[in-house]
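Peer 1: Sharing run_11.cif here; it has mmCIF, C-alpha atoms and all ligand atoms.
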```
data_data
loop_
_atom_site.label_atom_id
_atom_site.label_comp_id
_atom_site.auth_asym_id
_atom_site.auth_seq_id
_atom_site.Cartn_x
_atom_site.Cartn_y
_atom_site.Cartn_z
CA MET L 261 0.00 0.00 0.00
CA ALA L 262 2.88 2.37 0.80
CA ALA L 263 3.89 2.74 -2.85
CA GLY L 264 0.34 3.62 -3.82
CA ALA L 265 -0.27 5.82 -0.79
CA ALA L 266 -1.91 9.18 -1.39
CA VAL L 267 0.23 10.77 1.33
CA ARG L 268 3.19 9.26 3.09
CA LEU L 269 5.01 11.09 5.88
CA SER L 270 8.00 9.45 7.44
CA GLY L 271 9.97 10.80 10.35
CA LEU L 272 8.71 14.28 9.54
CA ARG L 273 10.15 16.96 11.77
CA LYS L 274 10.10 20.76 11.88
CA HIS L 275 11.39 22.77 14.83
CA TYR L 276 11.31 26.55 15.21
CA GLY L 277 14.04 27.22 17.74
CA GLU L 278 12.78 25.63 20.94
CA VAL L 279 9.33 24.98 19.51
CA ARG L 280 8.87 21.44 18.23
CA ALA L 281 6.10 22.31 15.79
CA VAL L 282 6.22 18.81 14.24
CA ASP L 283 8.32 16.33 16.14
CA GLY L 284 8.82 13.24 14.01
CA ILE L 285 5.53 11.98 12.62
CA ASP L 286 4.81 8.95 10.47
CA LEU L 287 1.52 8.83 8.64
CA THR L 288 0.21 6.98 5.60
CA ILE L 289 -3.06 7.98 3.98
CA ALA L 290 -4.58 5.62 1.42
CA PRO L 291 -6.25 6.90 -1.75
CA GLY L 292 -9.92 7.66 -1.11
CA GLU L 293 -9.57 8.20 2.64
CA VAL L 294 -11.11 11.26 4.28
CA VAL L 295 -8.90 12.10 7.23
CA ALA L 296 -9.42 14.72 9.93
CA LEU L 297 -6.34 16.20 11.53
CA LEU L 298 -7.49 17.27 14.97
CA GLY L 299 -5.62 19.04 17.71
CA PRO L 300 -5.60 22.08 19.97
CA ASN L 301 -4.00 25.39 18.94
CA GLY L 302 -0.31 25.00 18.21
CA ALA L 303 -0.46 21.19 17.90
CA GLY L 304 1.35 21.31 14.54
CA LYS L 305 -1.53 20.78 12.13
CA SER L 306 -0.83 23.75 9.84
CA THR L 307 2.90 23.03 9.83
CA THR L 308 2.13 19.44 8.74
CA VAL L 309 -0.21 20.61 5.99
CA ASP L 310 2.37 23.18 4.83
CA MET L 311 5.04 20.48 4.59
CA ILE L 312 2.75 18.22 2.54
CA LEU L 313 2.29 21.16 0.20
CA GLY L 314 6.02 21.86 0.04
CA LEU L 315 5.46 25.37 1.45
CA THR L 316 7.57 24.58 4.52
CA LYS L 317 10.77 22.58 4.28
CA PRO L 318 11.07 19.80 6.88
CA ASP L 319 14.19 19.73 9.09
CA SER L 320 14.22 16.00 8.45
CA GLY L 321 11.98 13.24 7.17
CA ASP L 322 10.16 12.69 3.91
CA VAL L 323 6.88 13.62 2.29
CA THR L 324 5.51 11.92 -0.79
CA VAL L 325 2.18 12.57 -2.47
CA PHE L 326 1.10 9.74 -4.78
CA GLY L 327 4.76 8.73 -4.86
CA SER L 328 6.05 12.19 -5.91
CA THR L 329 7.63 15.09 -4.09
CA PRO L 330 5.19 17.88 -3.18
CA PRO L 331 6.44 20.29 -5.88
CA ASP L 332 6.05 17.62 -8.59
CA ALA L 333 2.57 16.69 -7.32
CA ILE L 334 1.56 20.35 -7.37
CA LYS L 335 2.94 20.87 -10.88
CA ARG L 336 0.80 17.97 -12.06
CA GLY L 337 -2.31 19.43 -10.40
CA THR L 338 -2.55 16.40 -8.10
CA ILE L 339 -3.01 18.54 -4.96
CA GLY L 340 -5.63 21.17 -4.32
CA ALA L 341 -5.32 23.24 -1.16
CA MET L 342 -7.46 25.56 0.86
CA LEU L 343 -5.38 27.35 3.47
CA GLN L 344 -6.25 29.64 6.35
CA GLY L 345 -6.48 33.18 5.02
CA GLY L 346 -5.24 32.25 1.51
CA ALA L 347 -4.98 35.56 -0.41
CA LEU L 348 -7.74 36.59 -2.82
CA LEU L 349 -7.69 39.55 -5.20
CA ASP L 350 -9.85 42.54 -4.21
CA ASP L 351 -10.43 43.86 -7.72
CA ALA L 352 -10.93 40.62 -9.63
CA THR L 353 -14.28 38.87 -9.83
CA VAL L 354 -14.75 35.40 -8.40
CA GLY L 355 -14.98 33.95 -11.93
CA GLU L 356 -11.74 35.70 -12.93
CA MET L 357 -9.88 34.49 -9.86
CA VAL L 358 -10.88 30.87 -10.32
CA GLY L 359 -10.17 31.21 -14.05
CA MET L 360 -6.65 32.49 -13.38
CA VAL L 361 -5.86 29.48 -11.23
CA ALA L 362 -7.43 27.17 -13.82
CA SER L 363 -5.13 28.60 -16.51
CA LEU L 364 -2.10 27.46 -14.49
CA HIS L 365 -3.14 23.83 -14.74
CA ARG L 366 -2.90 21.32 -17.54
CA ARG L 367 -6.25 19.63 -17.10
CA PRO L 368 -8.48 21.94 -15.07
CA MET L 369 -12.18 21.42 -14.69
CA PRO L 370 -14.35 24.12 -16.33
CA VAL L 371 -14.52 27.23 -14.11
CA ALA L 372 -18.34 27.04 -14.06
CA GLU L 373 -18.14 23.53 -12.69
CA ALA L 374 -15.71 24.52 -9.93
CA LEU L 375 -18.06 27.37 -8.96
CA ARG L 376 -21.04 25.03 -9.03
CA ARG L 377 -19.29 22.43 -6.88
CA ALA L 378 -18.29 25.11 -4.38
CA GLY L 379 -21.89 26.39 -4.37
CA ILE L 380 -20.99 29.91 -5.55
CA GLU L 381 -22.28 30.08 -9.13
CA GLU L 382 -24.27 33.20 -8.22
CA LEU L 383 -21.09 34.94 -7.03
CA ALA L 384 -19.21 34.59 -10.35
CA ASN L 385 -19.32 38.34 -11.05
CA ARG L 386 -18.79 39.53 -7.48
CA ARG L 387 -15.48 41.28 -6.75
CA GLY L 388 -13.14 39.97 -4.07
CA ASN L 389 -13.59 43.01 -1.80
CA LYS L 390 -17.38 42.47 -1.75
CA LEU L 391 -17.31 38.97 -0.29
CA SER L 392 -18.19 37.93 3.25
CA GLY L 393 -15.76 35.77 5.25
CA GLY L 394 -17.76 32.62 4.55
CA GLN L 395 -18.04 33.45 0.83
CA LYS L 396 -14.28 33.96 0.64
CA GLN L 397 -13.82 30.47 2.09
CA ARG L 398 -16.01 29.06 -0.68
CA VAL L 399 -13.99 30.90 -3.31
CA ARG L 400 -10.85 29.32 -1.81
CA PHE L 401 -12.64 25.99 -2.07
CA ALA L 402 -13.39 26.59 -5.78
CA VAL L 403 -9.72 27.53 -6.29
CA ALA L 404 -8.69 24.28 -4.60
CA LEU L 405 -11.09 22.24 -6.76
CA VAL L 406 -10.40 23.74 -10.16
CA SER L 407 -7.29 21.66 -10.90
CA ASP L 408 -9.52 18.59 -10.38
CA PRO L 409 -7.05 17.29 -7.78
CA ASP L 410 -6.73 13.75 -6.44
CA LEU L 411 -5.81 15.08 -3.00
CA LEU L 412 -7.45 18.01 -1.24
CA LEU L 413 -5.74 19.59 1.75
CA LEU L 414 -7.94 21.86 3.81
CA ASP L 415 -6.73 23.87 6.76
CA GLU L 416 -9.73 24.73 8.93
CA PRO L 417 -11.99 25.10 5.90
CA THR L 418 -15.15 26.13 7.72
CA ALA L 419 -13.56 28.56 10.18
CA ALA L 420 -15.44 31.64 8.97
CA MET L 421 -18.70 29.93 8.05
CA ASP L 422 -22.02 30.01 9.85
CA VAL L 423 -23.81 26.76 10.62
CA GLY L 424 -25.82 26.74 7.37
CA SER L 425 -22.80 27.42 5.17
CA ARG L 426 -20.86 24.78 7.02
CA ARG L 427 -23.51 22.16 6.22
CA GLU L 428 -23.57 23.16 2.59
CA PHE L 429 -19.80 23.14 2.40
CA TRP L 430 -19.66 19.57 3.69
CA ARG L 431 -22.38 18.53 1.29
CA SER L 432 -20.23 19.81 -1.61
CA MET L 433 -17.24 18.10 -0.08
CA GLN L 434 -19.03 14.78 0.18
CA ALA L 435 -20.01 14.98 -3.48
CA PHE L 436 -16.28 15.37 -4.17
CA THR L 437 -15.13 12.55 -1.89
CA ASN L 438 -17.78 10.22 -3.31
CA THR L 439 -15.73 10.26 -6.50
CA GLY L 440 -12.91 8.49 -4.63
CA ARG L 441 -10.69 11.51 -3.95
CA THR L 442 -8.52 11.79 -0.88
CA VAL L 443 -9.07 14.57 1.65
CA LEU L 444 -7.01 15.66 4.63
CA PHE L 445 -8.60 18.44 6.65
CA ALA L 446 -7.37 20.17 9.79
CA THR L 447 -10.12 21.21 12.15
CA HIS L 448 -11.00 22.25 15.67
CA TYR L 449 -14.57 21.07 15.24
CA LEU L 450 -14.96 17.62 16.70
CA GLU L 451 -18.41 17.22 15.25
CA GLU L 452 -16.99 17.76 11.74
CA ALA L 453 -14.42 15.05 12.31
CA GLU L 454 -17.05 12.78 13.78
CA GLU L 455 -19.46 13.29 10.93
CA PHE L 456 -17.29 13.56 7.84
CA ALA L 457 -14.00 11.76 8.40
CA ASP L 458 -13.29 8.05 7.93
CA ARG L 459 -10.29 8.44 10.14
CA VAL L 460 -9.12 10.82 12.83
CA VAL L 461 -5.49 11.71 13.46
CA LEU L 462 -5.11 13.49 16.78
CA MET L 463 -2.06 15.74 17.19
CA ARG L 464 -0.61 17.28 20.28
CA ARG L 465 2.65 19.17 20.60
CA GLY L 466 3.97 18.04 17.25
CA ASN L 467 3.17 14.36 17.76
CA VAL L 468 0.41 12.03 16.67
CA VAL L 469 -1.25 10.89 19.90
CA ALA L 470 -4.09 8.85 18.37
CA ASP L 471 -4.93 7.57 14.90
CA GLY L 472 -7.94 5.51 13.90
CA SER L 473 -11.65 5.58 13.20
CA VAL L 474 -13.75 7.92 15.33
CA ALA L 475 -14.86 4.89 17.37
CA GLN L 476 -11.28 3.70 17.86
CA VAL L 477 -10.04 7.11 19.00
CA ARG L 478 -12.95 7.39 21.38
CA ALA L 479 -12.16 3.95 22.78
CA LEU L 480 -8.48 4.87 23.20
CA ALA L 481 -9.40 7.47 25.77
CA GLY L 482 -11.13 4.53 27.43
CA GLY L 483 -12.95 6.56 30.00
CA ARG L 484 -16.55 6.66 31.11
CA THR L 485 -18.52 9.16 33.06
CA VAL L 486 -20.43 8.00 36.11
CA ARG L 487 -23.18 10.27 37.43
CA ALA L 488 -25.25 9.61 40.51
CA VAL L 489 -27.05 11.17 43.41
CA VAL L 490 -24.85 10.44 46.42
CA PRO L 491 -26.23 11.54 49.81
CA GLY L 492 -23.40 12.57 52.09
CA ALA L 493 -20.78 12.87 49.34
CA THR L 494 -17.75 15.05 50.01
CA ASP L 495 -14.95 16.06 47.64
CA GLU L 496 -12.44 13.98 49.60
CA MET L 497 -14.54 10.83 49.52
CA ILE L 498 -15.27 11.07 45.80
CA ALA L 499 -11.65 11.89 44.95
CA GLY L 500 -10.64 8.76 46.85
CA LEU L 501 -12.72 6.38 44.69
CA PRO L 502 -10.66 4.07 42.46
CA GLY L 503 -10.25 4.97 38.77
CA VAL L 504 -11.29 8.60 39.18
CA THR L 505 -9.51 11.08 36.92
CA GLU L 506 -11.82 14.06 37.42
CA PHE L 507 -14.90 14.74 39.50
CA GLN L 508 -17.48 17.30 40.41
CA VAL L 509 -19.63 17.32 43.56
CA ARG L 510 -22.61 19.70 43.63
CA GLY L 511 -24.67 19.03 46.72
CA GLU L 512 -25.69 15.41 46.31
CA GLN L 513 -25.10 15.40 42.53
CA VAL L 514 -21.84 13.72 41.67
CA ALA L 515 -20.16 13.37 38.26
CA VAL L 516 -16.99 11.38 37.95
CA SER L 517 -14.69 10.62 34.99
CA SER L 518 -13.14 7.22 35.43
CA PHE L 519 -10.73 5.02 33.52
CA ASP L 520 -12.26 1.97 35.26
CA SER L 521 -15.95 2.62 35.76
CA ASP L 522 -16.62 -0.93 37.07
CA LYS L 523 -14.25 -0.41 39.99
CA THR L 524 -15.48 3.12 40.61
CA LEU L 525 -19.06 1.94 40.72
CA ARG L 526 -18.39 -0.98 43.06
CA ALA L 527 -16.59 1.30 45.51
CA LEU L 528 -19.32 3.90 45.22
CA LEU L 529 -22.04 1.35 46.05
CA ALA L 530 -20.02 -0.08 48.92
CA GLY L 531 -19.16 3.32 50.41
CA PHE L 532 -22.52 5.02 49.93
CA PRO L 533 -25.48 2.68 50.43
CA GLY L 534 -27.93 5.52 49.70
CA VAL L 535 -26.59 6.17 46.19
CA HIS L 536 -29.29 6.30 43.48
CA ASP L 537 -30.07 7.47 39.92
CA ILE L 538 -26.80 6.06 38.60
CA GLU L 539 -25.93 6.77 34.94
CA ILE L 540 -22.83 5.59 33.10
CA ALA L 541 -21.87 7.06 29.73
CA ALA L 542 -19.00 6.43 27.33
CA VAL L 543 -16.74 9.38 26.64
CA GLY L 544 -17.61 11.13 23.37
CA LEU L 545 -15.02 12.19 20.84
CA GLU L 546 -14.82 15.48 22.71
CA GLY L 547 -13.92 13.70 25.94
CA ALA L 548 -11.35 11.59 24.13
CA PHE L 549 -9.91 14.70 22.51
CA LEU L 550 -9.58 16.50 25.82
CA SER L 551 -8.12 13.53 27.61
CA LEU L 552 -5.62 12.73 24.86
CA THR L 553 -4.51 16.30 24.24
CA SER L 554 -4.56 17.80 27.73
CA ASP L 555 -1.26 18.94 29.19
CA GLU L 556 -1.79 16.78 32.27
CA GLU L 557 -0.90 13.81 30.06
CA GLU L 558 2.62 15.20 30.01
CA THR L 559 3.34 13.98 33.53
CA ARG L 560 2.41 10.34 32.81
N1 LIG L 601 7.02 30.26 11.06
C1 LIG L 601 7.03 29.96 12.36
N2 LIG L 601 7.96 30.46 13.18
C2 LIG L 601 8.00 30.13 14.49
N3 LIG L 601 7.14 29.31 15.10
C3 LIG L 601 6.16 28.77 14.33
C4 LIG L 601 6.07 29.07 12.93
N4 LIG L 601 5.00 28.39 12.45
C5 LIG L 601 4.46 27.71 13.49
N5 LIG L 601 5.17 27.94 14.62
C6 LIG L 601 4.90 27.36 15.94
O1 LIG L 601 4.79 25.95 15.78
C7 LIG L 601 3.76 25.42 16.60
C8 LIG L 601 2.77 24.66 15.73
O2 LIG L 601 2.01 25.60 14.96
P1 LIG L 601 0.90 25.19 13.90
O3 LIG L 601 0.42 26.45 13.26
O4 LIG L 601 1.41 24.12 13.02
O5 LIG L 601 -0.23 24.59 14.85
P2 LIG L 601 -1.76 24.29 14.53
O6 LIG L 601 -2.03 22.95 15.12
O7 LIG L 601 -2.06 24.47 13.10
O8 LIG L 601 -2.48 25.40 15.40
P3 LIG L 601 -3.86 26.24 15.10
O9 LIG L 601 -4.95 25.27 15.37
O10 LIG L 601 -3.78 27.32 16.12
O11 LIG L 601 -3.80 26.72 13.69
C9 LIG L 601 3.16 26.59 17.34
O12 LIG L 601 3.76 26.65 18.61
C10 LIG L 601 3.55 27.78 16.50
O13 LIG L 601 3.66 28.94 17.30
#
```
Let's see the structure in the file written out as structure tokens.
Ligand SMILES: Nc1ncnc2c1ncn2[C@@H]1O[C@H](COP(=O)(O)OP(=O)(O)OP(=O)(O)O)[C@@H](O)[C@H]1O

Peer 2:
Amino acid sequence: MAAGAAVRLSGLRKHYGEVRAVDGIDLTIAPGEVVALLGPNGAGKSTTVDMILGLTKPDSGDVTVFGSTPPDAIKRGTIGAMLQGGALLDDATVGEMVGMVASLHRRPMPVAEALRRAGIEELANRRGNKLSGGQKQRVRFAVALVSDPDLLLLDEPTAAMDVGSRREFWRSMQAFTNTGRTVLFATHYLEEAEEFADRVVLMRRGNVVADGSVAQVRALAGGRTVRAVVPGATDEMIAGLPGVTEFQVRGEQVAVSSFDSDKTLRALLAGFPGVHDIEIAAVGLEGAFLSLTSDEEETR
């Protein structure tokens, strides 16, 4: 599979002085996969995307895109990219901007089709300085699509969009991925990863801390939340239960995060005979994200 990989990163590293923006990551993305790159601010997502695009030179390690170097892949129109704040021209119309980019490629799709796929046909004659933030993002999407790329790299594509535009954007994106293209998108929105990605790669401080399907990443965090009404509960008693990683006591209402909910529950029942209204829930992707990317992990 490696030879036919859409993206292959091996030992990829980029440091800025003391900052280990990307600290030796290995990642293989198969053709047709839709992968979310998740992580808190400063995790190294943009630096990774920039290295795949050849915009940032790695200190060490290799990047290949469909077996080629990033500059060769870009020359062939294999990669389309939508970057945070990618420049648009104030005085050119949307149609002109997308047309200019199309003219740089050997086998572009028709400009009208790129506009249609990005859902901005009606903006074709609008000038760059008359676009809203969300509309600009869609123009960047059309620019990314017009080379008819096999790989799309998107750095926080829906950052400036309202909820409705976000939905529509992902609908357009799904139409694109249904044709078997590969997509890697960086995002802060867990629900986008959960809903649209086949695979989630979680980054923290320049490293990949989890990689798998949404269900697998959730399971990696392994925790559950136990809620109950516990007459007589005190902070000290709840903190002393086995498996507890975090807890909250509000009057008799207790919520506990636990890495071993069976043990926690047994001890709770033994220590507090009056406990009632017990609920146990699996950690969502958000919980997994927080537990796998929090700085407290550092001390483990
Ligand atoms: N050109 C640069 N010079 C110095 N430090 C940089 C440079 N680019 C990135 N960094 C640092 O590298 C780290 C990783 O940044 P990066 O932008 O890749 O993170 P990110 O995960 O994309 O964050 P965000 O979600 O905030 O966009 C950060 O600490 C950042 O300050």

Peer 1: Residues within 7 Å of ligand LIG 601 (chain L) (only C-alpha atoms and all ligand atoms), as a list in words?

Peer 2: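 Counting only what the definition allows, namely only C-alpha atoms and all ligand atoms, the set is Tyr276, Val279, Arg280, Ala281, Val282, Gly299, Pro300, Asn301, Gly302, Ala303, Gly304, Lys305, Ser306, Thr307, Thr308, His448 and Gly466 of chain L.
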
Peer 1: Pick the closest to Phe445 in chain L from L:Ala541, L:Ala362, L:Leu550, L:Leu414: which is it, counting only C-alpha atoms?

Peer 2: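 Of all the options, L:Leu414 lies closest to Phe445 in chain L.
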
Peer 1: Would you work out the distance separating CA of Arg459 in chain L from CA of Val477 in chain L, expressed in Å to one decimal?

Peer 2: 9.0 Å

Peer 1: Using all atoms listed in the file, which of the listed residues (L:Leu348, L:Ala470, L:Leu272, L:Ala488) sits closest to Gly534 in chain L?

Peer 2: L:Ala488

Peer 1: Mind checking which residues fall within 8 Å of Arg387 in chain L, counting all atoms listed in the file, ignoring those fewer than 4 positions away in the same chain, and posting them as a list in words?

Peer 2: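 Neighbouring residues, sequence-local ones excluded: Asp350, Asp351, Ala352, Thr353, Val354 and Leu391 of chain L.
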
Peer 1: I need every residue sitting at most 12 Å from the point (-4.2, 34.1, 2.8) (coordinates as in the file, all atoms listed in the file considered), written as a list in words.

Peer 2: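 The distance filter leaves exactly Ala341, Met342, Leu343, Gln344, Gly345, Gly346, Ala347, Leu348, Leu349, Gly393, Lys396, Gln397, Val399, Arg400 and Asp415 of chain L.
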
Peer 1: To one decimal place in Å, what is the distance between CA of Val460 in chain L and CA of Ala290 in chain L?

Peer 2: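 We find that CA of Val460 in chain L and CA of Ala290 in chain L lie 13.3 Å from each other.
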
Peer 1: Provide the CA of Glu373 in chain L to CA of Leu405 in chain L distance in Å, to one decimal place.

Peer 2: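 Here the two named atoms are 9.3 Å from each other.
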